[in-house]
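Below is start_29.pdb, which holds PDB, C-alpha atoms.
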```pdb
MODEL        1
ATOM      1  CA  MET A   8       0.000   0.000   0.000
ATOM      2  CA  GLU A   9       2.936   2.329   0.681
ATOM      3  CA  LYS A  10       3.881   2.183  -3.020
ATOM      4  CA  PHE A  11       0.473   3.494  -4.080
ATOM      5  CA  TRP A  12       0.686   6.374  -1.596
ATOM      6  CA  LEU A  13       4.152   7.338  -2.816
ATOM      7  CA  ILE A  14       3.098   7.250  -6.459
ATOM      8  CA  GLY A  15      -0.154   9.043  -5.664
ATOM      9  CA  LEU A  16       1.519  11.831  -3.708
ATOM     10  CA  GLY A  17       4.142  12.280  -6.419
ATOM     11  CA  GLY A  18       1.406  12.288  -9.050
ATOM     12  CA  PHE A  19      -0.605  14.863  -7.135
ATOM     13  CA  LEU A  20       2.393  17.181  -6.918
ATOM     14  CA  GLY A  21       3.444  16.535 -10.520
ATOM     15  CA  ALA A  22      -0.021  17.229 -11.926
ATOM     16  CA  ASN A  23      -0.244  20.491  -9.998
ATOM     17  CA  ALA A  24       3.245  21.507 -11.085
ATOM     18  CA  ARG A  25       2.228  20.803 -14.680
ATOM     19  CA  TYR A  26      -0.836  23.013 -14.295
ATOM     20  CA  LEU A  27       1.218  25.862 -12.831
ATOM     21  CA  VAL A  28       4.036  25.657 -15.402
ATOM     22  CA  SER A  29       1.606  25.411 -18.337
ATOM     23  CA  GLY A  30      -0.402  28.380 -17.085
ATOM     24  CA  TRP A  31       2.739  30.424 -16.551
ATOM     25  CA  ALA A  32       3.964  29.659 -20.082
ATOM     26  CA  ALA A  33       0.604  30.606 -21.614
ATOM     27  CA  GLU A  34       0.636  33.931 -19.755
ATOM     28  CA  ARG A  35       4.241  34.575 -20.719
ATOM     29  CA  TRP A  36       4.245  33.503 -24.389
ATOM     30  CA  GLY A  37       0.566  33.267 -25.341
ATOM     31  CA  ALA A  38      -1.682  30.358 -26.197
ATOM     32  CA  SER A  39      -1.364  30.296 -30.005
ATOM     33  CA  PHE A  40       1.184  27.475 -29.668
ATOM     34  CA  PRO A  41       1.293  24.960 -26.778
ATOM     35  CA  PHE A  42       4.495  26.340 -25.240
ATOM     36  CA  GLY A  43       3.411  25.097 -21.817
ATOM     37  CA  THR A  44       3.212  21.505 -23.013
ATOM     38  CA  LEU A  45       6.585  21.836 -24.692
ATOM     39  CA  LEU A  46       8.165  23.350 -21.571
ATOM     40  CA  VAL A  47       6.693  20.628 -19.352
ATOM     41  CA  ASN A  48       7.832  17.842 -21.680
ATOM     42  CA  VAL A  49      11.361  19.225 -21.940
ATOM     43  CA  THR A  50      11.800  19.918 -18.234
ATOM     44  CA  GLY A  51      10.211  16.584 -17.336
ATOM     45  CA  SER A  52      12.594  14.802 -19.698
ATOM     46  CA  LEU A  53      15.529  16.649 -18.158
ATOM     47  CA  MET A  54      14.377  15.699 -14.639
ATOM     48  CA  LEU A  55      13.850  12.058 -15.554
ATOM     49  CA  GLY A  56      17.186  11.804 -17.377
ATOM     50  CA  PHE A  57      18.962  13.362 -14.402
ATOM     51  CA  PHE A  58      17.237  11.322 -11.714
ATOM     52  CA  LEU A  59      17.384   7.920 -13.412
ATOM     53  CA  THR A  60      21.020   8.343 -14.420
ATOM     54  CA  LEU A  61      21.850   9.362 -10.876
ATOM     55  CA  ALA A  62      19.837   6.449  -9.470
ATOM     56  CA  ASN A  63      21.193   3.832 -11.873
ATOM     57  CA  GLU A  64      24.825   4.874 -12.220
ATOM     58  CA  ARG A  65      25.929   7.132  -9.416
ATOM     59  CA  ALA A  66      24.066   6.720  -6.164
ATOM     60  CA  LEU A  67      22.136   4.238  -4.150
ATOM     61  CA  ILE A  68      18.649   5.679  -4.196
ATOM     62  CA  ASP A  69      15.839   4.327  -2.065
ATOM     63  CA  PRO A  70      13.369   2.524  -4.370
ATOM     64  CA  ARG A  71      10.573   4.486  -2.707
ATOM     65  CA  LEU A  72      12.086   7.720  -3.985
ATOM     66  CA  ARG A  73      12.074   6.264  -7.495
ATOM     67  CA  LEU A  74       8.352   5.492  -7.133
ATOM     68  CA  PHE A  75       7.633   8.981  -5.819
ATOM     69  CA  LEU A  76       9.738  10.953  -8.334
ATOM     70  CA  ALA A  77      10.076   8.948 -11.541
ATOM     71  CA  ILE A  78       6.676   7.257 -11.647
ATOM     72  CA  GLY A  79       4.569   9.638  -9.564
ATOM     73  CA  PHE A  80       5.846  13.171 -10.024
ATOM     74  CA  VAL A  81       7.404  13.055 -13.490
ATOM     75  CA  GLY A  82       4.758  10.635 -14.748
ATOM     76  CA  ALA A  83       2.007  13.112 -13.877
ATOM     77  CA  TYR A  84       4.066  16.170 -14.773
ATOM     78  CA  THR A  85       4.871  15.247 -18.371
ATOM     79  CA  THR A  86       2.125  15.589 -20.908
ATOM     80  CA  PHE A  87       2.550  13.191 -23.778
ATOM     81  CA  SER A  88      -1.175  12.654 -24.276
ATOM     82  CA  THR A  89      -1.810  16.398 -24.254
ATOM     83  CA  TYR A  90       0.956  16.996 -26.766
ATOM     84  CA  ALA A  91      -0.434  14.264 -29.036
ATOM     85  CA  PHE A  92      -3.927  15.751 -28.893
ATOM     86  CA  GLU A  93      -2.648  19.278 -29.541
ATOM     87  CA  SER A  94      -0.781  18.008 -32.606
ATOM     88  CA  PHE A  95      -3.940  16.222 -33.777
ATOM     89  CA  ALA A  96      -5.970  19.403 -33.246
ATOM     90  CA  PHE A  97      -3.530  21.424 -35.350
ATOM     91  CA  LEU A  98      -3.978  18.900 -38.181
ATOM     92  CA  GLY A  99      -7.764  19.120 -37.851
ATOM     93  CA  GLU A 100      -7.542  22.899 -38.117
ATOM     94  CA  GLY A 101      -5.487  22.656 -41.296
ATOM     95  CA  GLN A 102      -2.355  23.902 -39.567
ATOM     96  CA  GLY A 103      -0.051  21.091 -40.569
ATOM     97  CA  TRP A 104       3.087  23.173 -40.106
ATOM     98  CA  LEU A 105       2.191  23.831 -36.450
ATOM     99  CA  ALA A 106       1.465  20.119 -35.964
ATOM    100  CA  LEU A 107       4.876  19.237 -37.379
ATOM    101  CA  LEU A 108       6.576  21.946 -35.330
ATOM    102  CA  ASN A 109       4.894  20.640 -32.181
ATOM    103  CA  LEU A 110       5.796  17.016 -32.908
ATOM    104  CA  PHE A 111       9.362  17.822 -33.870
ATOM    105  CA  SER A 112      10.105  20.235 -31.054
ATOM    106  CA  ASN A 113       8.643  18.069 -28.279
ATOM    107  CA  ASN A 114      10.492  14.970 -29.440
ATOM    108  CA  LEU A 115      13.834  16.534 -30.285
ATOM    109  CA  ILE A 116      14.080  19.036 -27.453
ATOM    110  CA  SER A 117      12.830  16.495 -24.881
ATOM    111  CA  LEU A 118      15.494  14.043 -26.057
ATOM    112  CA  VAL A 119      18.061  16.803 -25.579
ATOM    113  CA  GLY A 120      16.577  17.314 -22.097
ATOM    114  CA  VAL A 121      17.179  13.653 -21.229
ATOM    115  CA  LEU A 122      20.738  13.870 -22.565
ATOM    116  CA  LEU A 123      21.451  17.048 -20.593
ATOM    117  CA  GLY A 124      19.901  15.657 -17.413
ATOM    118  CA  SER A 125      21.936  12.490 -17.710
ATOM    119  CA  ALA A 126      25.150  14.408 -18.417
ATOM    120  CA  LEU A 127      24.495  16.710 -15.464
ATOM    121  CA  ALA A 128      24.000  13.737 -13.142
ATOM    122  CA  ARG A 129      27.256  12.182 -14.355
ATOM    123  CA  TRP A 130      29.109  15.461 -14.001
ATOM    124  CA  LEU A 131      27.877  16.153 -10.452
ATOM    125  CA  VAL A 132      28.732  12.785  -8.940
TER
ENDMDL
END
```
Any chance you could put this one into structure tokens?
Amino acid sequence: MEKFWLIGLGGFLGANARYLVSGWAAERWGASFPFGTLLVNVTGSLMLGFFLTLANERALIDPRLRLFLAIGFVGAYTTFSTYAFESFAFLGEGQGWLALLNLFSNNLISLVGVLLGSALARWLV
């Protein structure tokens, strides 16, 4: 039962962080492009790359922390389904170039986020 509480608490915090970051991005850069989703996906990828590299290669991390952070927090924080729907919506609106931009930027920049997070974890420890 402890596992479910750890994942649930992490998910609660991650979902709320996602809401706050997405809202901030929309206020800052507007809502004509899903910058909030992109920012959440990139920062979530960076966090996951950092944490899992640290946990797997550099430090003994309590498995409960992995449940809380990797599965709970980051799992609820990242927004793959939202990004997929936003790309689909762009296509439905005849804005294929925005759909491609959204697909490309989320995938490429999030991959860079994982690489940077992993490199940072290796560099720190």
Exercise. Would you please work out which residue, of A:Thr60, A:Thr50, A:Phe80, A:Leu45, is nearest to A:Leu110 when using all atoms listed in the file?
Key: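 The shortest atom-to-atom distance to A:Leu110 comes from A:Leu45.
Running the PyMOL selection byres ((chain A and resi 15) around 12) on this file leaves Met8, Glu9, Lys10, Phe11, Trp12, Leu13, Ile14, Leu16, Gly17, Gly18, Phe19, Leu20, Gly21, Ala22, Leu74, Phe75, Leu76, Ala77, Ile78, Gly79, Phe80, Val81, Gly82 and Ala83 of chain A selected.
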Quiz item: A:Val121, A:Tyr26, A:Ala128, A:Phe40: which is nearest A:Trp104, counting only C-alpha atoms?
Solution: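 Counting only C-alpha atoms, the residue closest to A:Trp104 is A:Phe40.
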Give as a tab-separated table (two decimals) with C-alpha atoms, in the frame of the given file the residues that the PyMOL selection byres ((chain A and resi 106) around 10) matches when applied to the coordinates above.
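Written file, out_9.tsv:
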```tsv
chain	number	residue	atom	x	y	z
A	40	PHE	CA	1.18	27.48	-29.67
A	90	TYR	CA	0.96	17.00	-26.77
A	91	ALA	CA	-0.43	14.26	-29.04
A	92	PHE	CA	-3.93	15.75	-28.89
A	93	GLU	CA	-2.65	19.28	-29.54
A	94	SER	CA	-0.78	18.01	-32.61
A	95	PHE	CA	-3.94	16.22	-33.78
A	96	ALA	CA	-5.97	19.40	-33.25
A	97	PHE	CA	-3.53	21.42	-35.35
A	98	LEU	CA	-3.98	18.90	-38.18
A	99	GLY	CA	-7.76	19.12	-37.85
A	100	GLU	CA	-7.54	22.90	-38.12
A	101	GLY	CA	-5.49	22.66	-41.30
A	102	GLN	CA	-2.36	23.90	-39.57
A	103	GLY	CA	-0.05	21.09	-40.57
A	104	TRP	CA	3.09	23.17	-40.11
A	105	LEU	CA	2.19	23.83	-36.45
A	107	LEU	CA	4.88	19.24	-37.38
A	108	LEU	CA	6.58	21.95	-35.33
A	109	ASN	CA	4.89	20.64	-32.18
A	110	LEU	CA	5.80	17.02	-32.91
A	111	PHE	CA	9.36	17.82	-33.87
A	112	SER	CA	10.10	20.24	-31.05
```
Self-check item: Radius query 8 Å about (6.9, 13.9, -21.3), atoms used: only C-alpha atoms, as a PyMOL selection string
Solution: chain A and resi 47-49+51-52+81-82+84-87+117
Practice problem: Could you jot down the atom CA of A:Arg71 to atom CA of A:Leu46 separation for me, Å, one decimal place? | Solution: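 Spanning atom CA of A:Arg71 to atom CA of A:Leu46 is a straight-line distance of 26.8 Å.
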Quiz item: Quick one: of A:Thr89, A:Asn63, A:Val132, A:Leu123, who's nearest to A:Arg25, counting all atoms listed in the file?
Solution: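 Closest residue, counting all atoms listed in the file: A:Thr89.
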Practice problem: Take atom CA of A:Glu34 and atom CA of A:Asn113 and report the distance between them in Å, one decimal. | Solution: 19.7 Å
Quiz prompt | Interatomic distance (Å, one decimal) between atom CA of A:Gly56 and atom CA of A:Leu72 | solution = 14.9 Å
